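Input: a single structure, listed below in structure tokens.
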Amino acid sequence: MGSLETPMGVDARDRLLATAAQDVVHALRASAATVYLVRPEPPKLMLIAAAVVVSPLGVGPIEHIPADDPVYATAAAYRSGDTATAHSIDFLGEHPEEAISMPFPFTAFSAPVGGVGVMTAFWINGPREPTAEERRQLAEVSGSLGRELEQLAAQRVPMTPPAVPRVHAAESGLAEGQGAAAVDNAPLVYHLHRLAVQLNHVSDGREAAALACARVMSAVDADAMAVTQVKGDRLVIAAAEGCSHLFLRELEGQLLISASTPEARAMAHRRQLTYAPGAALTRGRVGTGDRDDYAWVVLPLLGGSGVVVGTCSIGSEQPGISKTAPSALATLLGQALERTAADGARHALAQQLQRTLLPRVLPQCAGIRSTSRYVPTGGIDLGGDWYDLVTLPDQHSVTALVGDVQGHDIQAAVVMGQLRAAMRAYATEGHHPGTILGRINRFLWESSHLMCTCACIQIDLDTGVAQLATAGHQPPIIRNPAGCYWNSNCGLDIGVPLGVDPDSSYMVTEAILEPGTLLALHTDGVISQEETQSDIMEAAIKSSGADELETLADELIRRRSNRMTDDAALLLLQFEGPPAHARIRQLEITQNDLRGAHRARSAVHGWLHEWEMDHVAEKMELLVSEMVTNALIHAATDVHVCVRGYSDCVRVEVRDSDVHPARPDTSPLQDGDPAESGRGLLIVDALADRWGNSPSGRGKTVWFEVAAEPSCP
């Protein structure tokens with residue numbers, strides 16, 4: 001018997017499961033039978049379909065069942081250790097969304113399989129109760145299977161269920177009069193039905209293609225499969241399984257006009273193409289060994305408009321694959337790819353519009369550090385959350401704001417942009433928070449029927465005096481270096497939301513900030529009104545540390561639970577103390593500046609010499625050069641560089657407008673890859689004492705620190 005890593009052991013287990021399910025269908029004259037295996041899936045146990053036996057008119061099972069849901073016979077049998085029965089009329093009353101997966105009236109009859117799973121038989125066409133003999137038969141088959149599985153488990157054969165259940169046709173004798181073809185195609189019909197249901201819920205083309213690969217490869221017993229999408233005049237791979245590296249390199253980025261590959265031909269002729277084992281055009285496509293005796297089917301994927309949106313290529317040892325490869329797959333997957341591409345384009349446009357309304361780069365002031373986060377809802381809706389940080393003309397004060405406009409549509413986003421621009425103008429004029437909110441309230445009342453909540457705080461960087469005012473918004477979190485929180489109940493007036501009463505006034509409250517104080521301005525998407533701000537902040541600090549704003553901001557966003565349908569805006573500040581002796585320098589580099597990296601090196605060299613920190617200049621120049629080059633090439637946006645000199649370290653922050661985090665590229669170089677492509681972060685990782693990178697509002701920040709004193713050997 002195979003070990004834990006030996007596929008032979010899993011094959012033996014799957015044969016046992018299929019045989020037992022066949023026996024149950026035959027003995028009980030059931031429409032289908034399913035063996036579920038237990039899988040821990042925190043915070044609950046799940047029963048996952050591992051083997052399914054169906055007749056052409058059989059009903060497919062629910063594939064993932066929570067072990068603690070009593071409405072399922074499967075869950076009841078697992079928990080009680082005895083047989084259990086459930087009827088569709090009761091089941092669908094609790095889970096009406098499953099009607100699309102279980103379209104017929106049915107009865108489910110279940111028995112435990114040792115301690116590792118459950119066997120469930122299904123009868124369709126109305127409720128019925130199993131007889132005593134049927135109960136005995138199901139318990140006997142399930143008990144025998146449980147004992148055999150326990151023996152396999154003792155020999156280290158894993159009981160982990162597969163990602164997609166193994167589906168088998170009921171023996172032909174059980175489906176008399178339905179035709180051999182109908183019986184043979186029962187697993188295929190099952191998987192296509194499941195795929196159709198799943199594709200309705202995906203919003204990404206790659207996810208849709210991956211689902212299709214898993215289902216179709218299992219249905220037709222394929223060895224390799226690749227799905228592509230049309231992007232402009234080229235093909236790009238959406239998902240692939242079992243394919244050789246050579247084939248994938250040939251397929252990725254294939255130019256449709258000049259290519260003569262099977263995929264290009266299938267698209268040009270708009271029809272399915274089949275290739276016999278060993279055909280010249282399909283040699284070397286499977287990633288296992290040097291064999292070329294695989295049959296291939298290549299399908300053009302058509303969208304609902306009739307436009308070819310991609311291809312699907314399936315390779316198998318079975319010569320008859322051309323007969324079983326369903327044309328229905330091309331329709332299902334093609335329409336899904338077309339829909340997800342359209343949804344993706346609308347989502348990208350919505351996100352781009354909303355991010356454009358946010359600050360491109362926060363001002364970097366001596367005496368205060370800042371970072372921001374913005375997480376949209378994830379759909380194609382627009383939100384009205386925003387934040388801003390404004391440096392006052394005297395360069396010794398800043399005004400921070402965060403707000404949330406009512407609604408999730410274009411109007412909310414437009415109003416958000418108007419309010420942010422107006423607030424920035426009033427703040428730049430030097431007005432205190434109460435006046436800013438009062439004027440914005442009148443502006444919103446006159447220009448829109450929407451309302452908005454907002455929190456505003458102005459900080460004098462020389463004295464640490466902070467003036468706060470709120471309009472129906474949660475107050476900022478203020479935490480001093482000792483871990484004590486400012487009590488917002490002491491005199492802070494939570495005013496009326498903006499846009500409700502044109503004559504509302506807003507009271508200003510003062511707080512004194514010590515050097516090292518943290519401030520967090522946020523919307524409900526980060527911390528809701530029902531949660532305790534200090535508890536959330538302390539838990540985030542414990543996990544990430546309070547000395548690194550970027551890491552703390554990431555942790556606060558990560559902890560946002562049960563609010564994924566709401567936008568999240570976060571502005572995180574740390575008051576460092578009076579800026580009289582602070583050392584901070586900045587540099588803007590345009591994306592087309594071919595000498596941008598050289599300018600950054602020269603600037604850093606001069607600043608470090610001015611600060612008498614020449615001993616770290618060589619290392620810092622190399623790191624800054626790598627980061628700026630990486631941002632200019634991969635982000636393709638303007639780059640902002642900020643260098644801060646402290647007594648114990650030098651910190652550099654490089655910001656660009658690409659929201660995707662930078663990641664070290666540790667993959668082996670392939671033929672044709674640039675020798676230095678994507679390797680800049682490896683240098684940072686090796687030479688910097690600390691570094692990190694995070695999405696930040698309209699872009700991302702990559703930061704690193706180098707100790708000011710040489711480390712001891």
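Residues in the structure tokens are named by chain (A, B, ... in the order shown) and by number from 1 within that chain; ligands are numbered from 1 in the order shown.
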
With only C-alpha atoms as the counted atoms, please give the residues lying no more than 9 Å from region 112-128 of chain A, apart from itself and same-chain residues fewer than 5 positions off, as a PDB file with C-alpha atoms, in the first residue's frame.
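The resulting file, selection.pdb, is reproduced below:
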ATOM      1  CA  ALA A  20     -19.611   1.420  -2.206  1.00  0.00           C
ATOM      2  CA  ALA A  21     -21.666   4.211  -3.808  1.00  0.00           C
ATOM      3  CA  VAL A  24     -25.935   1.671  -2.545  1.00  0.00           C
ATOM      4  CA  VAL A  25     -27.505   2.887  -5.802  1.00  0.00           C
ATOM      5  CA  LEU A  28     -31.682   0.937  -2.755  1.00  0.00           C
ATOM      6  CA  ARG A  29     -32.610   1.617  -6.401  1.00  0.00           C
ATOM      7  CA  ALA A  30     -31.563   5.224  -5.717  1.00  0.00           C
ATOM      8  CA  SER A  31     -31.113   7.991  -8.242  1.00  0.00           C
ATOM      9  CA  ALA A  32     -27.670   8.867  -6.888  1.00  0.00           C
ATOM     10  CA  ALA A  33     -25.321   8.192  -4.008  1.00  0.00           C
ATOM     11  CA  THR A  34     -22.511  10.279  -2.551  1.00  0.00           C
ATOM     12  CA  VAL A  35     -19.694   9.545  -0.133  1.00  0.00           C
ATOM     13  CA  TYR A  36     -18.687  12.573   1.930  1.00  0.00           C
ATOM     14  CA  LEU A  37     -15.350  12.855   3.721  1.00  0.00           C
ATOM     15  CA  VAL A  38     -14.678  15.170   6.649  1.00  0.00           C
ATOM     16  CA  ARG A  39     -12.402  18.171   6.156  1.00  0.00           C
ATOM     17  CA  LEU A  47     -18.426  17.335   4.837  1.00  0.00           C
ATOM     18  CA  ILE A  48     -17.054  17.351   1.281  1.00  0.00           C
ATOM     19  CA  LEU A  57     -31.905  11.309 -14.206  1.00  0.00           C
ATOM     20  CA  GLY A  58     -30.027  11.369 -10.916  1.00  0.00           C
ATOM     21  CA  VAL A  59     -29.843  14.383  -8.688  1.00  0.00           C
ATOM     22  CA  GLY A  60     -26.472  15.881  -7.881  1.00  0.00           C
ATOM     23  CA  PRO A  61     -25.551  16.403  -4.242  1.00  0.00           C
ATOM     24  CA  ALA A  73     -29.390  14.452   6.539  1.00  0.00           C
ATOM     25  CA  THR A  74     -25.654  14.111   5.860  1.00  0.00           C
ATOM     26  CA  ALA A  75     -24.753  16.395   8.775  1.00  0.00           C
ATOM     27  CA  ALA A  77     -25.954  11.300  10.402  1.00  0.00           C
ATOM     28  CA  TYR A  78     -22.383  12.437  11.027  1.00  0.00           C
ATOM     29  CA  ARG A  79     -23.238  14.085  14.331  1.00  0.00           C
ATOM     30  CA  SER A  80     -25.580  11.361  15.637  1.00  0.00           C
ATOM     31  CA  GLY A  81     -23.686   8.312  14.390  1.00  0.00           C
ATOM     32  CA  ASP A  82     -26.975   6.869  13.102  1.00  0.00           C
ATOM     33  CA  THR A  83     -29.054   6.962   9.911  1.00  0.00           C
ATOM     34  CA  ALA A  86     -34.324  14.693   5.045  1.00  0.00           C
ATOM     35  CA  HIS A  87     -36.761  15.894   2.376  1.00  0.00           C
ATOM     36  CA  SER A  88     -36.215  18.654  -0.157  1.00  0.00           C
ATOM     37  CA  ILE A  89     -39.269  20.610   0.980  1.00  0.00           C
ATOM     38  CA  PHE A 104     -36.180  17.977  -8.408  1.00  0.00           C
ATOM     39  CA  PRO A 105     -38.140  16.969  -5.297  1.00  0.00           C
ATOM     40  CA  PHE A 106     -35.958  14.476  -3.467  1.00  0.00           C
ATOM     41  CA  THR A 107     -35.375  12.481  -0.308  1.00  0.00           C
ATOM     42  CA  LEU A 138     -27.354   1.412   3.828  1.00  0.00           C
ATOM     43  CA  ALA A 139     -25.956   0.902   7.334  1.00  0.00           C
ATOM     44  CA  VAL A 141     -22.575  -0.850   3.162  1.00  0.00           C
ATOM     45  CA  SER A 142     -21.548   2.295   5.080  1.00  0.00           C
ATOM     46  CA  GLY A 143     -20.193   0.299   8.018  1.00  0.00           C
ATOM     47  CA  SER A 144     -18.171  -1.986   5.758  1.00  0.00           C
ATOM     48  CA  LEU A 145     -16.760   1.028   3.886  1.00  0.00           C
ATOM     49  CA  GLY A 146     -15.855   2.694   7.179  1.00  0.00           C
ATOM     50  CA  ARG A 147     -13.858  -0.316   8.324  1.00  0.00           C
ATOM     51  CA  LEU A 149     -11.185   3.198   5.095  1.00  0.00           C
ATOM     52  CA  GLU A 150      -9.886   2.869   8.647  1.00  0.00           C
ATOM     53  CA  MET A 159      -8.635  10.810   3.849  1.00  0.00           C
TER      54      MET A 159
END

Item to complete: Using DSSP on the backbone, list every residue of region 16-178 of chain A that comes out as strand (DSSP E), and give them as a PyMOL selection string.
Response: chain A and resi 32-41+44-54+64-66+84-87+106-113+117-124+166-169

Worksheet entry | Which residue of A:Val654, A:Val616, A:Ile541, A:Ala111 approaches Leu632 (chain A) most closely, using only C-alpha atoms |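 Selected residue with least distance to Leu632 (chain A): A:Val654.
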
Worksheet entry | From A:Lys700, A:His64, A:His193, A:Arg166, residue lying nearest Ala328 (chain A) [only C-alpha atoms] | A:His193

Worksheet entry | Atomic separation - CA of Tyr275 (chain A) relative to CA of Ala295 (chain A), Å |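 CA of Ala295 (chain A) sits 5.7 Å away from CA of Tyr275 (chain A).
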
From the DSSP assignment of the backbone, select every residue of region 22-219 of chain A that is alpha helix (DSSP H), and format the answer as an mmCIF file with N, CA and C atoms, in the first residue's frame.
data_model
loop_
_atom_site.group_PDB
_atom_site.id
_atom_site.type_symbol
_atom_site.label_atom_id
_atom_site.label_comp_id
_atom_site.auth_asym_id
_atom_site.auth_seq_id
_atom_site.Cartn_x
_atom_site.Cartn_y
_atom_site.Cartn_z
ATOM 1 N N GLN A 22 -21.778 2.710 -5.763
ATOM 2 C CA GLN A 22 -22.488 1.897 -6.758
ATOM 3 C C GLN A 22 -23.374 0.862 -6.064
ATOM 4 N N ASP A 23 -22.842 0.219 -5.033
ATOM 5 C CA ASP A 23 -23.614 -0.788 -4.305
ATOM 6 C C ASP A 23 -24.882 -0.187 -3.694
ATOM 7 N N VAL A 24 -24.781 1.019 -3.160
ATOM 8 C CA VAL A 24 -25.935 1.671 -2.545
ATOM 9 C C VAL A 24 -26.986 2.017 -3.594
ATOM 10 N N VAL A 25 -26.554 2.565 -4.736
ATOM 11 C CA VAL A 25 -27.505 2.887 -5.802
ATOM 12 C C VAL A 25 -28.243 1.629 -6.253
ATOM 13 N N HIS A 26 -27.496 0.518 -6.391
ATOM 14 C CA HIS A 26 -28.100 -0.738 -6.841
ATOM 15 C C HIS A 26 -29.040 -1.318 -5.777
ATOM 16 N N ALA A 27 -28.588 -1.393 -4.529
ATOM 17 C CA ALA A 27 -29.386 -2.029 -3.478
ATOM 18 C C ALA A 27 -30.640 -1.231 -3.152
ATOM 19 N N LEU A 28 -30.549 0.097 -3.153
ATOM 20 C CA LEU A 28 -31.682 0.937 -2.755
ATOM 21 C C LEU A 28 -32.461 1.464 -3.956
ATOM 22 N N ALA A 73 -29.459 15.824 6.024
ATOM 23 C CA ALA A 73 -29.390 14.452 6.539
ATOM 24 C C ALA A 73 -27.941 14.020 6.702
ATOM 25 N N THR A 74 -27.079 14.466 5.798
ATOM 26 C CA THR A 74 -25.654 14.111 5.860
ATOM 27 C C THR A 74 -25.039 14.586 7.172
ATOM 28 N N ALA A 75 -25.309 15.846 7.534
ATOM 29 C CA ALA A 75 -24.753 16.395 8.775
ATOM 30 C C ALA A 75 -25.368 15.717 9.997
ATOM 31 N N ALA A 76 -26.684 15.441 9.948
ATOM 32 C CA ALA A 76 -27.347 14.800 11.083
ATOM 33 C C ALA A 76 -26.785 13.402 11.323
ATOM 34 N N ALA A 77 -26.512 12.641 10.248
ATOM 35 C CA ALA A 77 -25.954 11.300 10.402
ATOM 36 C C ALA A 77 -24.539 11.357 10.967
ATOM 37 N N TYR A 78 -23.756 12.335 10.528
ATOM 38 C CA TYR A 78 -22.383 12.437 11.027
ATOM 39 C C TYR A 78 -22.372 12.762 12.517
ATOM 40 N N ARG A 79 -23.235 13.653 12.942
ATOM 41 C CA ARG A 79 -23.238 14.085 14.331
ATOM 42 C C ARG A 79 -23.860 13.042 15.261
ATOM 43 N N SER A 80 -24.881 12.317 14.773
ATOM 44 C CA SER A 80 -25.580 11.361 15.637
ATOM 45 C C SER A 80 -24.961 9.977 15.602
ATOM 46 N N SER A 88 -36.562 17.392 0.499
ATOM 47 C CA SER A 88 -36.215 18.654 -0.157
ATOM 48 C C SER A 88 -37.118 19.797 0.284
ATOM 49 N N ILE A 89 -38.378 19.520 0.587
ATOM 50 C CA ILE A 89 -39.269 20.610 0.980
ATOM 51 C C ILE A 89 -38.794 21.277 2.264
ATOM 52 N N ASP A 90 -38.194 20.478 3.161
ATOM 53 C CA ASP A 90 -37.659 21.047 4.403
ATOM 54 C C ASP A 90 -36.298 21.689 4.155
ATOM 55 N N PHE A 91 -35.493 21.012 3.352
ATOM 56 C CA PHE A 91 -34.140 21.506 3.081
ATOM 57 C C PHE A 91 -34.180 22.859 2.368
ATOM 58 N N LEU A 92 -34.999 22.946 1.306
ATOM 59 C CA LEU A 92 -35.038 24.186 0.529
ATOM 60 C C LEU A 92 -35.714 25.317 1.293
ATOM 61 N N GLY A 93 -36.489 24.971 2.313
ATOM 62 C CA GLY A 93 -37.044 26.029 3.150
ATOM 63 C C GLY A 93 -35.972 26.789 3.896
ATOM 64 N N GLU A 94 -34.876 26.099 4.248
ATOM 65 C CA GLU A 94 -33.761 26.739 4.945
ATOM 66 C C GLU A 94 -32.687 27.242 3.982
ATOM 67 N N ALA A 132 -37.301 -0.481 6.645
ATOM 68 C CA ALA A 132 -36.343 -1.067 7.593
ATOM 69 C C ALA A 132 -35.242 -1.807 6.850
ATOM 70 N N GLU A 133 -35.610 -2.496 5.756
ATOM 71 C CA GLU A 133 -34.598 -3.215 4.981
ATOM 72 C C GLU A 133 -33.619 -2.244 4.315
ATOM 73 N N GLU A 134 -34.120 -1.119 3.818
ATOM 74 C CA GLU A 134 -33.240 -0.122 3.185
ATOM 75 C C GLU A 134 -32.314 0.505 4.224
ATOM 76 N N ARG A 135 -32.827 0.708 5.411
ATOM 77 C CA ARG A 135 -31.969 1.236 6.476
ATOM 78 C C ARG A 135 -30.852 0.242 6.799
ATOM 79 N N ARG A 136 -31.234 -1.061 6.861
ATOM 80 C CA ARG A 136 -30.224 -2.072 7.154
ATOM 81 C C ARG A 136 -29.172 -2.135 6.054
ATOM 82 N N GLN A 137 -29.595 -2.075 4.798
ATOM 83 C CA GLN A 137 -28.666 -2.168 3.681
ATOM 84 C C GLN A 137 -27.704 -0.979 3.655
ATOM 85 N N LEU A 138 -28.230 0.234 3.840
ATOM 86 C CA LEU A 138 -27.354 1.412 3.828
ATOM 87 C C LEU A 138 -26.371 1.364 4.991
ATOM 88 N N ALA A 139 -26.844 0.983 6.174
ATOM 89 C CA ALA A 139 -25.956 0.902 7.334
ATOM 90 C C ALA A 139 -24.888 -0.162 7.119
ATOM 91 N N GLU A 140 -25.248 -1.272 6.456
ATOM 92 C CA GLU A 140 -24.290 -2.352 6.230
ATOM 93 C C GLU A 140 -23.192 -1.918 5.269
ATOM 94 N N VAL A 141 -23.577 -1.306 4.137
ATOM 95 C CA VAL A 141 -22.575 -0.850 3.162
ATOM 96 C C VAL A 141 -21.697 0.239 3.775
ATOM 97 N N SER A 142 -22.307 1.186 4.484
ATOM 98 C CA SER A 142 -21.548 2.295 5.080
ATOM 99 C C SER A 142 -20.597 1.785 6.151
ATOM 100 N N GLY A 143 -21.062 0.840 6.975
ATOM 101 C CA GLY A 143 -20.193 0.299 8.018
ATOM 102 C C GLY A 143 -19.011 -0.442 7.441
ATOM 103 N N SER A 144 -19.265 -1.258 6.403
ATOM 104 C CA SER A 144 -18.171 -1.986 5.758
ATOM 105 C C SER A 144 -17.164 -1.022 5.144
ATOM 106 N N LEU A 145 -17.653 0.024 4.472
ATOM 107 C CA LEU A 145 -16.760 1.028 3.886
ATOM 108 C C LEU A 145 -15.948 1.719 4.972
ATOM 109 N N GLY A 146 -16.575 2.040 6.088
ATOM 110 C CA GLY A 146 -15.855 2.694 7.179
ATOM 111 C C GLY A 146 -14.713 1.859 7.693
ATOM 112 N N ARG A 147 -14.929 0.559 7.835
ATOM 113 C CA ARG A 147 -13.858 -0.316 8.324
ATOM 114 C C ARG A 147 -12.705 -0.393 7.317
ATOM 115 N N GLU A 148 -13.030 -0.465 6.020
ATOM 116 C CA GLU A 148 -11.973 -0.531 5.008
ATOM 117 C C GLU A 148 -11.184 0.780 4.951
ATOM 118 N N LEU A 149 -11.884 1.904 5.098
ATOM 119 C CA LEU A 149 -11.185 3.198 5.095
ATOM 120 C C LEU A 149 -10.291 3.340 6.321
ATOM 121 N N GLU A 150 -10.727 2.822 7.448
ATOM 122 C CA GLU A 150 -9.886 2.869 8.647
ATOM 123 C C GLU A 150 -8.602 2.068 8.447
ATOM 124 N N GLN A 151 -8.695 0.937 7.746
ATOM 125 C CA GLN A 151 -7.492 0.146 7.449
ATOM 126 C C GLN A 151 -6.546 0.926 6.541
ATOM 127 N N LEU A 152 -7.102 1.602 5.528
ATOM 128 C CA LEU A 152 -6.259 2.418 4.648
ATOM 129 C C LEU A 152 -5.624 3.579 5.417
ATOM 130 N N ALA A 153 -6.405 4.208 6.280
ATOM 131 C CA ALA A 153 -5.871 5.319 7.062
ATOM 132 C C ALA A 153 -4.736 4.862 7.958
ATOM 133 N N ALA A 154 -4.845 3.636 8.505
ATOM 134 C CA ALA A 154 -3.773 3.097 9.344
ATOM 135 C C ALA A 154 -2.496 2.887 8.539
ATOM 136 N N ALA A 180 -27.147 3.596 -23.720
ATOM 137 C CA ALA A 180 -25.778 3.541 -23.211
ATOM 138 C C ALA A 180 -25.111 4.902 -23.234
ATOM 139 N N ALA A 181 -25.382 5.701 -24.276
ATOM 140 C CA ALA A 181 -24.746 7.023 -24.384
ATOM 141 C C ALA A 181 -25.161 7.916 -23.226
ATOM 142 N N ALA A 182 -26.436 7.840 -22.850
ATOM 143 C CA ALA A 182 -26.911 8.665 -21.728
ATOM 144 C C ALA A 182 -26.220 8.280 -20.444
ATOM 145 N N VAL A 183 -26.016 6.960 -20.253
ATOM 146 C CA VAL A 183 -25.342 6.507 -19.048
ATOM 147 C C VAL A 183 -23.890 6.976 -19.040
ATOM 148 N N ASP A 184 -23.196 6.791 -20.151
ATOM 149 C CA ASP A 184 -21.789 7.167 -20.223
ATOM 150 C C ASP A 184 -21.590 8.657 -19.991
ATOM 151 N N ALA A 186 -23.465 10.642 -18.162
ATOM 152 C CA ALA A 186 -24.035 11.152 -16.912
ATOM 153 C C ALA A 186 -23.019 11.958 -16.098
ATOM 154 N N PRO A 187 -21.760 11.468 -15.921
ATOM 155 C CA PRO A 187 -20.794 12.296 -15.180
ATOM 156 C C PRO A 187 -20.508 13.624 -15.865
ATOM 157 N N LEU A 188 -20.456 13.605 -17.201
ATOM 158 C CA LEU A 188 -20.199 14.838 -17.936
ATOM 159 C C LEU A 188 -21.330 15.841 -17.733
ATOM 160 N N VAL A 189 -22.574 15.344 -17.833
ATOM 161 C CA VAL A 189 -23.725 16.225 -17.618
ATOM 162 C C VAL A 189 -23.710 16.781 -16.194
ATOM 163 N N TYR A 190 -23.354 15.929 -15.222
ATOM 164 C CA TYR A 190 -23.282 16.377 -13.830
ATOM 165 C C TYR A 190 -22.288 17.538 -13.689
ATOM 166 N N HIS A 191 -21.079 17.344 -14.216
ATOM 167 C CA HIS A 191 -20.052 18.381 -14.060
ATOM 168 C C HIS A 191 -20.414 19.656 -14.815
ATOM 169 N N LEU A 192 -21.013 19.513 -15.999
ATOM 170 C CA LEU A 192 -21.403 20.711 -16.749
ATOM 171 C C LEU A 192 -22.490 21.487 -16.014
ATOM 172 N N HIS A 193 -23.420 20.760 -15.395
ATOM 173 C CA HIS A 193 -24.460 21.434 -14.618
ATOM 174 C C HIS A 193 -23.848 22.182 -13.438
ATOM 175 N N ARG A 194 -22.939 21.511 -12.734
ATOM 176 C CA ARG A 194 -22.270 22.166 -11.604
ATOM 177 C C ARG A 194 -21.465 23.368 -12.068
ATOM 178 N N LEU A 195 -20.786 23.211 -13.193
ATOM 179 C CA LEU A 195 -19.984 24.316 -13.720
ATOM 180 C C LEU A 195 -20.870 25.501 -14.072
ATOM 181 N N ALA A 196 -22.022 25.243 -14.686
ATOM 182 C CA ALA A 196 -22.939 26.330 -15.038
ATOM 183 C C ALA A 196 -23.388 27.093 -13.800
ATOM 184 N N VAL A 197 -23.675 26.358 -12.724
ATOM 185 C CA VAL A 197 -24.086 27.010 -11.474
ATOM 186 C C VAL A 197 -22.950 27.846 -10.905
ATOM 187 N N GLN A 198 -21.741 27.278 -10.878
ATOM 188 C CA GLN A 198 -20.607 27.987 -10.289
ATOM 189 C C GLN A 198 -20.215 29.217 -11.102
ATOM 190 N N LEU A 199 -20.291 29.118 -12.427
ATOM 191 C CA LEU A 199 -19.870 30.245 -13.260
ATOM 192 C C LEU A 199 -20.763 31.461 -13.071
ATOM 193 N N GLY A 205 -12.243 36.199 -14.834
ATOM 194 C CA GLY A 205 -12.064 35.235 -15.903
ATOM 195 C C GLY A 205 -11.129 34.105 -15.542
ATOM 196 N N ARG A 206 -10.076 34.404 -14.792
ATOM 197 C CA ARG A 206 -9.142 33.349 -14.394
ATOM 198 C C ARG A 206 -9.800 32.353 -13.445
ATOM 199 N N GLU A 207 -10.642 32.857 -12.553
ATOM 200 C CA GLU A 207 -11.356 31.961 -11.652
ATOM 201 C C GLU A 207 -12.313 31.072 -12.438
ATOM 202 N N ALA A 208 -13.014 31.648 -13.426
ATOM 203 C CA ALA A 208 -13.930 30.862 -14.253
ATOM 204 C C ALA A 208 -13.173 29.782 -15.016
ATOM 205 N N ALA A 209 -12.018 30.127 -15.573
ATOM 206 C CA ALA A 209 -11.228 29.153 -16.321
ATOM 207 C C ALA A 209 -10.699 28.046 -15.424
ATOM 208 N N ALA A 210 -10.284 28.396 -14.204
ATOM 209 C CA ALA A 210 -9.783 27.386 -13.267
ATOM 210 C C ALA A 210 -10.893 26.409 -12.880
ATOM 211 N N LEU A 211 -12.110 26.920 -12.656
ATOM 212 C CA LEU A 211 -13.239 26.040 -12.353
ATOM 213 C C LEU A 211 -13.512 25.092 -13.510
ATOM 214 N N ALA A 212 -13.457 25.631 -14.736
ATOM 215 C CA ALA A 212 -13.703 24.793 -15.908
ATOM 216 C C ALA A 212 -12.652 23.700 -16.028
ATOM 217 N N CYS A 213 -11.396 24.032 -15.775
ATOM 218 C CA CYS A 213 -10.331 23.022 -15.840
ATOM 219 C C CYS A 213 -10.600 21.893 -14.854
ATOM 220 N N ALA A 214 -10.927 22.253 -13.617
ATOM 221 C CA ALA A 214 -11.141 21.235 -12.592
ATOM 222 C C ALA A 214 -12.312 20.325 -12.951
ATOM 223 N N ARG A 215 -13.410 20.915 -13.406
ATOM 224 C CA ARG A 215 -14.603 20.129 -13.705
ATOM 225 C C ARG A 215 -14.429 19.278 -14.963
ATOM 226 N N VAL A 216 -13.963 19.893 -16.042
ATOM 227 C CA VAL A 216 -13.914 19.200 -17.327
ATOM 228 C C VAL A 216 -12.851 18.115 -17.325
ATOM 229 N N MET A 217 -11.694 18.382 -16.721
ATOM 230 C CA MET A 217 -10.653 17.348 -16.692
ATOM 231 C C MET A 217 -11.127 16.125 -15.938
ATOM 232 N N SER A 218 -11.894 16.337 -14.872
ATOM 233 C CA SER A 218 -12.430 15.209 -14.137
ATOM 234 C C SER A 218 -13.519 14.501 -14.936
ATOM 235 N N ALA A 219 -14.340 15.265 -15.662
ATOM 236 C CA ALA A 219 -15.466 14.696 -16.385
ATOM 237 C C ALA A 219 -15.026 13.821 -17.547
#

Find the residues near Ser505 (chain A): any atom within 10 Å, counting only C-alpha atoms, skip ones fewer than 3 places away on the same chain, and give them as a PDB file with C-alpha atoms, in the first residue's frame.
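Heads up, here's the output in selection_12.pdb:
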ATOM      1  CA  GLY A 434     -15.224  73.933  13.227  1.00  0.00           C
ATOM      2  CA  THR A 435     -15.244  76.598  10.531  1.00  0.00           C
ATOM      3  CA  LEU A 437     -17.129  71.758   8.704  1.00  0.00           C
ATOM      4  CA  GLY A 438     -19.607  74.649   8.964  1.00  0.00           C
ATOM      5  CA  ARG A 439     -18.757  75.966   5.506  1.00  0.00           C
ATOM      6  CA  ASN A 441     -22.148  71.819   5.551  1.00  0.00           C
ATOM      7  CA  ALA A 471     -19.940  65.891  11.945  1.00  0.00           C
ATOM      8  CA  GLY A 495     -22.149  67.194  15.513  1.00  0.00           C
ATOM      9  CA  VAL A 496     -24.942  66.743  12.991  1.00  0.00           C
ATOM     10  CA  ASP A 501     -29.219  71.382   8.615  1.00  0.00           C
ATOM     11  CA  PRO A 502     -27.676  74.356   6.783  1.00  0.00           C
ATOM     12  CA  VAL A 508     -13.918  72.378  18.446  1.00  0.00           C
TER      13      VAL A 508
END

Discussion item. Could you check the closest approach to Val220 (chain A) for each of A:Glu530, A:Glu317, A:Glu588, A:Asp204 and tell me which residue wins, using only C-alpha atoms?
Written reply: A:Glu317

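Using only C-alpha atoms, the smallest distance between any of A:Asp614, A:Asp223, A:Glu621, A:Asp503 and Ala600 (chain A) comes from A:Glu621.
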
Discussion item. I'd like the contact shell of Leu513 (chain A) - 8 Å cut-off, only C-alpha atoms, skipping same-chain residues fewer than 3 positions apart - returned as a PyMOL selection string.
Written reply: chain A and resi 464-466+480+517+575

Export of the given selection (C-alpha atoms) as a tab-separated table (two decimals), in the first residue's frame:
chain	number	residue	atom	x	y	z
A	464	GLY	CA	1.45	69.37	19.66
A	465	VAL	CA	-1.92	71.06	20.18
A	466	ALA	CA	-4.64	69.27	18.21
A	480	ASN	CA	-0.05	58.31	23.46
A	517	THR	CA	1.41	59.76	19.67
A	575	PHE	CA	3.35	62.89	15.76
